[in-house]
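Heads up, work.cif below (mmCIF, C-alpha atoms):
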```cif
data_work
#
loop_
_atom_site.label_atom_id
_atom_site.label_comp_id
_atom_site.auth_asym_id
_atom_site.auth_seq_id
_atom_site.Cartn_x
_atom_site.Cartn_y
_atom_site.Cartn_z
CA MET A 1 86.45 102.11 92.56
CA SER A 2 86.18 101.14 96.21
CA LYS A 3 85.80 103.95 98.72
CA LYS A 4 85.97 101.86 101.88
CA THR A 5 88.78 103.10 104.11
CA HIS A 6 91.30 100.80 105.78
CA LYS A 7 93.81 101.25 108.59
CA THR A 8 96.72 99.24 107.19
CA SER A 9 100.05 98.13 108.61
CA VAL A 10 101.93 99.66 105.68
CA GLY A 11 104.64 102.15 106.65
CA GLY A 12 107.76 103.61 105.17
CA GLN A 13 110.61 106.07 105.14
CA ALA A 14 111.83 108.77 102.78
CA LEU A 15 115.21 108.12 101.21
CA ILE A 16 117.59 109.97 98.94
CA GLU A 17 115.65 110.16 95.67
CA GLY A 18 113.50 107.29 96.87
CA VAL A 19 111.06 105.70 99.29
CA MET A 20 111.29 102.59 101.45
CA MET A 21 108.07 100.77 102.27
CA GLN A 22 107.24 97.87 104.58
CA GLY A 23 104.07 95.84 104.25
CA PRO A 24 102.64 92.32 104.10
CA LYS A 25 105.01 91.39 101.27
CA GLY A 26 108.10 92.58 103.16
CA MET A 27 110.35 95.58 102.69
CA ALA A 28 111.09 97.23 99.35
CA THR A 29 112.79 100.38 98.13
CA SER A 30 112.09 102.39 95.01
CA VAL A 31 114.81 104.82 93.95
CA ARG A 32 115.03 107.16 90.96
CA LYS A 33 118.27 106.39 89.13
CA PRO A 34 120.38 109.02 87.34
CA ASP A 35 119.01 107.85 83.96
CA GLY A 36 115.45 108.56 85.13
CA ASP A 37 114.29 104.96 85.61
CA ILE A 38 112.86 103.78 88.94
CA LEU A 39 114.66 100.82 90.49
CA THR A 40 112.46 98.80 92.86
CA GLU A 41 114.06 96.04 94.90
CA TYR A 42 113.07 93.85 97.84
CA HIS A 43 115.28 93.68 100.93
CA SER A 44 115.43 90.78 103.35
CA VAL A 45 114.20 91.62 106.85
CA LYS A 46 114.42 89.32 109.85
CA HIS A 47 112.46 90.65 112.80
CA LEU A 48 113.49 89.57 116.30
CA LYS A 49 109.85 89.18 117.31
CA ASP A 50 109.54 86.40 114.73
CA LYS A 51 112.49 84.57 116.29
CA CYS A 52 111.56 85.02 119.95
CA LYS A 53 108.07 85.57 121.39
CA PHE A 54 109.51 87.73 124.18
CA PHE A 55 110.38 90.46 121.68
CA GLY A 56 106.76 90.51 120.53
CA ILE A 57 105.39 91.42 123.97
CA PRO A 58 103.68 94.85 124.09
CA VAL A 59 106.09 97.69 125.06
CA ILE A 60 109.08 95.35 124.49
CA ARG A 61 108.18 95.12 120.80
CA GLY A 62 108.23 98.90 120.59
CA ILE A 63 111.80 99.10 121.85
CA VAL A 64 112.91 96.32 119.50
CA SER A 65 111.04 97.85 116.57
CA PHE A 66 112.70 101.23 117.11
CA VAL A 67 116.20 99.72 117.11
CA GLU A 68 115.43 97.63 114.03
CA SER A 69 113.96 100.61 112.18
CA MET A 70 117.06 102.68 112.93
CA ILE A 71 119.32 99.94 111.53
CA SER A 72 117.22 99.20 108.44
CA GLY A 73 116.63 102.92 107.89
CA TYR A 74 120.35 103.65 107.85
CA LYS A 75 121.07 100.74 105.49
CA THR A 76 118.37 101.70 103.00
CA LEU A 77 119.42 105.35 103.17
CA MET A 78 122.99 104.39 102.20
CA TYR A 79 121.61 102.08 99.51
CA SER A 80 119.51 104.89 98.01
CA ALA A 81 122.51 107.22 98.00
CA GLU A 82 124.40 104.68 95.92
CA VAL A 83 121.58 103.89 93.48
CA SER A 84 120.62 107.55 92.97
CA GLY A 85 124.20 108.38 92.02
CA MET A 86 124.77 110.68 94.97
CA GLU A 87 127.98 108.85 95.86
CA ASP A 88 129.42 109.36 92.39
CA VAL A 89 131.94 112.13 92.71
CA ASP A 90 133.91 113.46 89.77
CA GLU A 91 137.56 112.72 90.54
CA GLN A 92 138.52 116.02 88.97
CA GLU A 93 136.73 117.75 91.84
CA LEU A 94 138.80 115.88 94.44
CA SER A 95 142.03 117.25 95.84
CA LYS A 96 145.19 115.15 95.61
CA PHE A 97 144.89 114.23 99.29
CA GLU A 98 141.21 113.22 98.84
CA LYS A 99 142.13 111.10 95.80
CA TRP A 100 144.86 109.40 97.82
CA LEU A 101 142.46 108.65 100.67
CA ASN A 102 139.84 107.33 98.25
CA ASP A 103 142.34 105.08 96.41
CA LYS A 104 144.01 103.90 99.61
CA PHE A 105 141.01 103.16 101.82
CA GLY A 106 137.93 103.30 99.56
CA GLU A 107 134.83 101.83 101.20
CA LYS A 108 136.63 101.36 104.53
CA LEU A 109 137.08 105.12 104.82
CA VAL A 110 133.40 105.68 104.05
CA SER A 111 132.43 103.19 106.77
CA VAL A 112 134.71 104.86 109.31
CA VAL A 113 133.40 108.33 108.47
CA ALA A 114 129.80 107.06 108.68
CA ALA A 115 130.50 105.45 112.06
CA ILE A 116 132.08 108.64 113.41
CA GLY A 117 129.15 110.67 112.06
CA SER A 118 126.66 108.36 113.80
CA VAL A 119 128.49 108.64 117.13
CA LEU A 120 128.68 112.42 116.87
CA GLY A 121 124.98 112.51 115.99
CA ILE A 122 124.09 110.52 119.11
CA VAL A 123 126.29 112.77 121.26
CA LEU A 124 124.71 115.91 119.76
CA ALA A 125 121.20 114.53 120.34
CA PHE A 126 122.08 113.77 123.98
CA LEU A 127 123.45 117.25 124.54
CA LEU A 128 120.54 119.03 122.85
CA PHE A 129 117.61 116.97 124.08
CA MET A 130 118.82 115.60 127.41
CA TYR A 131 121.63 117.63 128.97
CA PHE A 132 120.80 121.16 127.78
CA PRO A 133 117.14 121.22 129.04
CA VAL A 134 118.26 119.87 132.45
CA LEU A 135 121.07 122.43 132.63
CA VAL A 136 118.77 125.33 131.72
CA PHE A 137 116.14 124.25 134.24
CA ASN A 138 118.67 123.84 137.05
CA LYS A 139 120.07 127.32 136.42
CA ALA A 140 116.60 128.88 136.17
CA ASN A 141 115.47 127.06 139.32
CA GLU A 142 118.57 128.25 141.14
CA TRP A 143 117.95 131.86 140.12
CA SER A 144 114.31 131.62 141.19
CA GLY A 145 115.19 130.20 144.59
CA GLY A 146 113.47 126.90 143.86
CA ALA A 147 110.16 128.48 142.90
CA ILE A 148 109.78 126.36 139.74
CA THR A 149 110.82 123.01 141.25
CA ASN A 150 107.34 121.53 140.85
CA PHE A 151 107.35 122.31 137.13
CA GLN A 152 110.60 120.50 136.29
CA GLY A 153 109.11 117.91 133.94
CA LEU A 154 106.95 120.46 132.14
CA ILE A 155 109.76 122.98 131.62
CA GLU A 156 112.36 120.43 130.49
CA GLY A 157 109.86 118.81 128.14
CA SER A 158 108.79 122.16 126.69
CA LEU A 159 112.44 123.05 126.05
CA LYS A 160 112.90 119.77 124.17
CA ILE A 161 109.91 120.54 121.97
CA ILE A 162 111.17 124.06 121.25
CA ILE A 163 114.64 122.77 120.35
CA PHE A 164 113.15 120.06 118.12
CA VAL A 165 110.90 122.49 116.25
CA ILE A 166 113.73 124.99 115.70
CA TYR A 167 116.06 122.24 114.50
CA ILE A 168 113.55 120.82 112.00
CA ALA A 169 112.60 124.31 110.77
CA ALA A 170 116.28 125.08 110.19
CA VAL A 171 117.23 121.89 108.31
CA SER A 172 114.04 122.02 106.22
CA ARG A 173 115.44 125.11 104.52
CA MET A 174 118.34 123.08 103.10
CA LYS A 175 117.78 122.17 99.45
CA ASP A 176 118.72 118.46 99.76
CA ILE A 177 116.71 117.99 102.96
CA ARG A 178 113.70 119.70 101.42
CA ARG A 179 113.78 117.18 98.57
CA VAL A 180 113.90 114.29 101.06
CA PHE A 181 110.87 115.85 102.76
CA MET A 182 109.10 115.84 99.38
CA TYR A 183 109.69 112.09 99.18
CA HIS A 184 108.38 111.90 102.75
CA GLY A 185 105.22 113.59 101.51
CA ALA A 186 104.96 111.11 98.63
CA GLU A 187 105.30 108.22 101.08
CA HIS A 188 102.43 109.53 103.23
CA LYS A 189 100.23 110.40 100.27
CA SER A 190 100.68 106.94 98.73
CA ILE A 191 99.69 105.24 101.99
CA SER A 192 96.75 107.60 102.51
CA CYS A 193 95.54 106.96 98.96
CA TYR A 194 95.72 103.20 99.44
CA GLU A 195 94.02 103.30 102.84
CA ALA A 196 91.23 105.41 101.31
CA GLY A 197 90.53 102.57 98.89
CA LEU A 198 91.52 104.60 95.83
CA ASP A 199 93.48 103.38 92.84
CA LEU A 200 97.18 104.14 93.13
CA THR A 201 97.47 106.68 90.34
CA VAL A 202 99.46 109.90 90.31
CA GLU A 203 96.25 111.93 90.21
CA ASN A 204 94.70 110.15 93.21
CA VAL A 205 97.89 110.23 95.25
CA ARG A 206 98.38 113.93 94.49
CA LYS A 207 94.96 114.68 96.03
CA SER A 208 95.56 112.52 99.12
CA CYS A 209 96.61 113.81 102.54
CA ARG A 210 100.32 114.11 103.26
CA PHE A 211 99.86 113.92 107.06
CA HIS A 212 99.66 110.51 108.75
CA PRO A 213 99.26 109.54 112.45
CA ARG A 214 101.78 106.67 112.25
CA CYS A 215 104.60 108.93 111.04
CA GLY A 216 107.92 108.98 112.87
CA THR A 217 107.43 112.71 113.45
CA SER A 218 104.22 111.98 115.34
CA PHE A 219 106.04 109.27 117.28
CA ILE A 220 108.71 111.75 118.41
CA PHE A 221 106.07 114.24 119.55
CA VAL A 222 104.17 111.54 121.42
CA VAL A 223 107.43 110.60 123.16
CA LEU A 224 107.98 114.24 124.12
CA ILE A 225 104.43 114.63 125.44
CA PHE A 226 104.52 111.36 127.38
CA SER A 227 107.95 112.24 128.79
CA ILE A 228 106.61 115.52 130.17
CA ILE A 229 103.90 113.66 132.08
CA PHE A 230 106.14 110.77 133.12
CA TYR A 231 109.10 112.79 134.38
CA THR A 232 106.84 115.27 136.17
CA VAL A 233 105.51 112.36 138.22
CA ILE A 234 108.99 110.86 138.72
CA ALA A 235 110.36 114.21 139.90
CA LYS A 236 107.57 114.34 142.48
CA ILE A 237 108.36 110.83 143.71
CA PHE A 238 112.16 111.23 143.73
CA PRO A 239 112.84 114.96 144.36
CA ALA A 240 116.36 114.28 145.66
CA ILE A 241 117.36 112.50 142.44
CA ALA A 242 115.71 115.16 140.26
CA ALA A 243 117.87 117.78 141.99
CA GLN A 244 121.09 115.98 141.01
CA THR A 245 121.97 116.60 137.35
CA VAL A 246 123.98 113.42 136.77
CA LEU A 247 121.57 111.11 138.62
CA TRP A 248 118.59 112.72 136.90
CA LEU A 249 120.15 112.21 133.45
CA ILE A 250 120.94 108.57 134.27
CA LEU A 251 117.35 108.04 135.42
CA LYS A 252 116.05 109.63 132.22
CA LEU A 253 118.24 107.41 130.06
CA ALA A 254 117.14 104.33 132.01
CA PHE A 255 113.44 105.05 131.51
CA LEU A 256 113.72 106.25 127.90
CA PRO A 257 113.27 102.77 126.36
CA VAL A 258 110.17 102.20 128.49
CA ILE A 259 108.64 105.50 127.35
CA MET A 260 109.43 104.68 123.72
CA GLY A 261 107.82 101.27 124.11
CA LEU A 262 104.66 102.79 125.57
CA CYS A 263 104.53 105.44 122.84
CA TYR A 264 104.90 102.73 120.19
CA GLU A 265 101.77 101.08 121.57
CA PHE A 266 99.95 104.40 121.40
CA ILE A 267 100.98 104.90 117.77
CA ARG A 268 99.62 101.42 116.97
CA TYR A 269 96.41 102.32 118.79
CA ALA A 270 96.20 105.63 116.93
CA GLY A 271 96.56 103.78 113.64
CA ARG A 272 93.38 101.80 114.43
CA HIS A 273 91.26 104.44 116.14
CA ASP A 274 90.10 107.97 115.45
CA ASN A 275 88.61 109.10 118.76
CA LEU A 276 88.99 112.44 120.57
CA PHE A 277 91.88 111.26 122.77
CA VAL A 278 93.88 110.11 119.75
CA LYS A 279 93.17 113.37 117.90
CA ILE A 280 94.36 115.51 120.83
CA VAL A 281 97.60 113.60 121.46
CA SER A 282 98.34 113.20 117.74
CA ALA A 283 97.63 116.85 116.85
CA PRO A 284 101.14 118.27 117.60
CA GLY A 285 102.84 115.55 115.53
CA LEU A 286 100.46 116.02 112.63
CA TRP A 287 101.05 119.77 112.77
CA MET A 288 104.81 119.20 112.79
CA GLN A 289 104.50 117.15 109.61
CA ARG A 290 103.86 120.45 107.84
CA LEU A 291 107.62 120.93 108.25
CA THR A 292 108.85 117.35 107.80
CA THR A 293 106.76 116.67 104.69
CA LYS A 294 106.49 118.76 101.54
CA GLU A 295 104.15 118.53 98.56
CA PRO A 296 105.82 116.17 96.06
CA THR A 297 106.04 116.63 92.33
CA ASP A 298 104.51 114.00 90.03
CA ASP A 299 107.85 112.30 89.36
CA ILE A 300 108.39 111.90 93.10
CA ILE A 301 104.84 110.59 93.52
CA GLU A 302 105.64 107.92 90.91
CA VAL A 303 108.43 106.65 93.14
CA GLY A 304 106.10 106.53 96.15
CA ILE A 305 103.53 104.54 94.14
CA ALA A 306 106.18 102.08 92.93
CA SER A 307 107.37 101.44 96.48
CA ILE A 308 103.93 100.83 98.00
CA LYS A 309 102.80 98.60 95.14
CA ALA A 310 105.78 96.35 95.86
CA VAL A 311 104.69 95.54 99.43
CA ILE A 312 100.86 95.43 99.37
CA THR A 313 98.49 92.61 98.50
CA ASP A 314 95.66 92.71 96.00
CA ASN A 315 93.12 93.19 98.79
CA PRO A 316 93.48 96.15 101.22
CA GLU A 317 91.60 94.19 103.90
CA ASP A 318 94.50 91.72 104.02
CA ASP A 319 96.87 94.59 104.87
CA GLU A 320 94.86 95.93 107.81
CA ILE A 321 96.53 96.41 111.19
CA LYS A 322 96.17 93.29 113.30
#
```

Is it possible to give me this structure as structure tokens?
Amino acid sequence: MSKKTHKTSVGGQALIEGVMMQGPKGMATSVRKPDGDILTEYHSVKHLKDKCKFFGIPVIRGIVSFVESMISGYKTLMYSAEVSGMEDVDEQELSKFEKWLNDKFGEKLVSVVAAIGSVLGIVLAFLLFMYFPVLVFNKANEWSGGAITNFQGLIEGSLKIIIFVIYIAAVSRMKDIRRVFMYHGAEHKSISCYEAGLDLTVENVRKSCRFHPRCGTSFIFVVLIFSIIFYTVIAKIFPAIAAQTVLWLILKLAFLPVIMGLCYEFIRYAGRHDNLFVKIVSAPGLWMQRLTTKEPTDDIIEVGIASIKAVITDNPEDDEIK
């Protein structure tokens, strides 16, 4: 058994009763079906950076990768819901009106509802993480007579972190979300086991670490930390704009893709290095994973193993981050 560790390019996402993984062999999902079997399937992925070199430029590739991951993540999440049987609803439990809607519109209605839900989710995220912190700061700064003007970036960023932590802590108490977080833990443990050079067995994966520096949770925290530093500097340079709520929000939205692109590069760097700087910046995200990941049961670990085996090569060195 090899014990040489590797920093691989393998990554994934927790699904409904399943795990999606991406690696050298492409993207695959493993989902536990209602009958207990695990269905593993490959999914075609066409990255923009492979079509145009411009989209592979550092920082730009981070923005593109985020958009692509959101799209593929949503598609695989809906796919897992279907395979796991979550979408199967007993017609006897539906009201007459719900039966009529289902018979009349079917999949079209589901698509419309999903689209509306996505829009509302974006609006809610904007209000919670963009507008509300700015509003609170402006009111507090007004009450203090401008005494906290120089701390605008720090205060707004801290409020975002507080809101994010409270939100995750709240949803993690939901039964269905907790189960998804268990699959998230299985995803991390499977990758950690493979990168440690251990055989992908339930026993080895169970003993592996469920916290990983390339996790999306860590990415979000890195974005929050970088945004505190970035917007503190911007507020110093453009104090007149920072004082105007609408202009400040527009400026924040304009620079958000740039910050995400820079943070993507840091996450890639963190995946290859283990120095003090990386440990300090990654620490909040790794701590937060105690909420976004849960210890998986053996049957959930089996799904994680099936998904990672579908996308890796026979030699871990071939899967290392380039």

Residue by residue, what does the PyMOL selection byres ((chain A and resi 21) around 10) grab here? Present the result as an MDAnalysis selection string. chainID A and resid 10:14 19:20 22:23 25:30 42 187 191 304 306:312

Could those residues be written to a file, using C-alpha atoms, as a CSV table (one decimal), in the frame of the given file?
```
chain,number,residue,atom,x,y,z
A,10,VAL,CA,101.9,99.7,105.7
A,11,GLY,CA,104.6,102.2,106.6
A,12,GLY,CA,107.8,103.6,105.2
A,13,GLN,CA,110.6,106.1,105.1
A,14,ALA,CA,111.8,108.8,102.8
A,19,VAL,CA,111.1,105.7,99.3
A,20,MET,CA,111.3,102.6,101.4
A,22,GLN,CA,107.2,97.9,104.6
A,23,GLY,CA,104.1,95.8,104.2
A,25,LYS,CA,105.0,91.4,101.3
A,26,GLY,CA,108.1,92.6,103.2
A,27,MET,CA,110.4,95.6,102.7
A,28,ALA,CA,111.1,97.2,99.4
A,29,THR,CA,112.8,100.4,98.1
A,30,SER,CA,112.1,102.4,95.0
A,42,TYR,CA,113.1,93.8,97.8
A,187,GLU,CA,105.3,108.2,101.1
A,191,ILE,CA,99.7,105.2,102.0
A,304,GLY,CA,106.1,106.5,96.2
A,306,ALA,CA,106.2,102.1,92.9
A,307,SER,CA,107.4,101.4,96.5
A,308,ILE,CA,103.9,100.8,98.0
A,309,LYS,CA,102.8,98.6,95.1
A,310,ALA,CA,105.8,96.4,95.9
A,311,VAL,CA,104.7,95.5,99.4
A,312,ILE,CA,100.9,95.4,99.4
```

Could you state the separation of atom CA of A:Glu17 and atom CA of A:Gly62 in Å, given to one decimal place?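 A separation of 28.3 Å between them.
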
Using only C-alpha atoms, pick whichever of A:Leu48, A:Ile168, A:Ile305, A:Ile280 has the shortest atom-to-atom distance to A:Leu200.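 Smallest distance to A:Leu200 is found for A:Ile305.
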
Nearest to A:Ile225: which of A:Lys46, A:Arg179, A:His184, A:Lys160 is it, counting only C-alpha atoms?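 Among A:Lys46, A:Arg179, A:His184, A:Lys160, it is A:Lys160 that comes nearest to A:Ile225.
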
Could you please determine the separation between atom CA of A:Pro213 and atom CA of A:Ile63 in Å, to one decimal place? 18.8 Å

Can you list, as a list of chain:residue names, every protein, DNA or RNA residue that comes within 8 Å of stretch 249-261 of chain A when you count only C-alpha atoms, leaving out same-chain residues fewer than 5 positions away? A:Pro58, A:Val59, A:Ile60, A:Arg61, A:Gly62, A:Ile63, A:Met130, A:Tyr131, A:Val134, A:Val223, A:Phe226, A:Ser227, A:Tyr231

Residues near A:Lys33, anyone? I mean within 7 Å using all atoms listed in the file, not counting same-chain ones fewer than 4 positions away, as a tab-separated table (two decimals) with C-alpha atoms, in the coordinates of the input.
```tsv
chain	number	residue	atom	x	y	z
A	37	ASP	CA	114.29	104.96	85.61
A	38	ILE	CA	112.86	103.78	88.94
A	39	LEU	CA	114.66	100.82	90.49
A	83	VAL	CA	121.58	103.89	93.48
A	84	SER	CA	120.62	107.55	92.97
A	85	GLY	CA	124.20	108.38	92.02
```

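Shortest atom-to-atom contact with A:Lys189 among A:Val222, A:Ala147, A:Ile267, A:Ile301: A:Ile301, counting only C-alpha atoms.
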
I'd like the box whose edges run along x, y and z of the file and which contains every listed atom of stretch 282-297 of chain A, padded by 4 Å per side; could you state its centre and edge lengths in Å, one decimal, as lines of an AutoDock Vina configuration file?
```
center_x = 103.2
center_y = 117.1
center_z = 105.0
size_x = 19.2
size_y = 15.7
size_z = 33.4
```

State, in Å with one decimal place, the distance from atom CA of A:Ala169 to atom CA of A:Asn141. 28.8 Å

Write out as number ranges by chain the residues lying within 8 Å of stretch 288-291 of chain A, counting all atoms listed in the file and excluding same-chain residues fewer than 6 positions away. A: 165, 168-169, 172, 211, 217-218

Env of A:Cys209: 10 Å cut, atoms = only C-alpha atoms, seq-sep filter 3 positions within chain, self excluded. Answer as an NGL selection string. :A and (185-186 or 188-193 or 205-206 or 212 or 295)

Considering only C-alpha atoms, state which residue in the set A:Ile16, A:Phe54, A:Glu68, A:Ala115 is at the smallest distance from A:Ser80.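 Closest candidate: A:Ile16.
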
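Take the candidates A:Ala81, A:Ile220, A:Cys215, A:Val64 and check each one against A:Phe164 using only C-alpha atoms; the shortest distance goes to A:Ile220.
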
Measuring between only C-alpha atoms, which one of A:Phe129, A:Gly145, A:Phe266, A:Ser44 shows the shortest distance to A:Lys279? A:Phe266

Please work out which residues fall within 10 Å of (98.3, 94.5, 124.0), coordinates as given in the file, with all atoms listed in the file counting, and return them as number ranges by chain. A: 56-59, 265, 268-269

Check which residues satisfy the PyMOL selection byres ((chain A and resi 233-240) around 12) in the file shown, then give them as a list of chain:residue names.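 After applying the PyMOL selection byres ((chain A and resi 233-240) around 12), what remains is A:Gly146, A:Thr149, A:Asn150, A:Phe151, A:Gln152, A:Gly153, A:Leu154, A:Glu156, A:Phe226, A:Ser227, A:Ile228, A:Ile229, A:Phe230, A:Tyr231, A:Thr232, A:Ile241, A:Ala242, A:Ala243, A:Gln244, A:Thr245, A:Val246, A:Leu247, A:Trp248, A:Leu249, A:Leu251, A:Lys252, A:Phe255.
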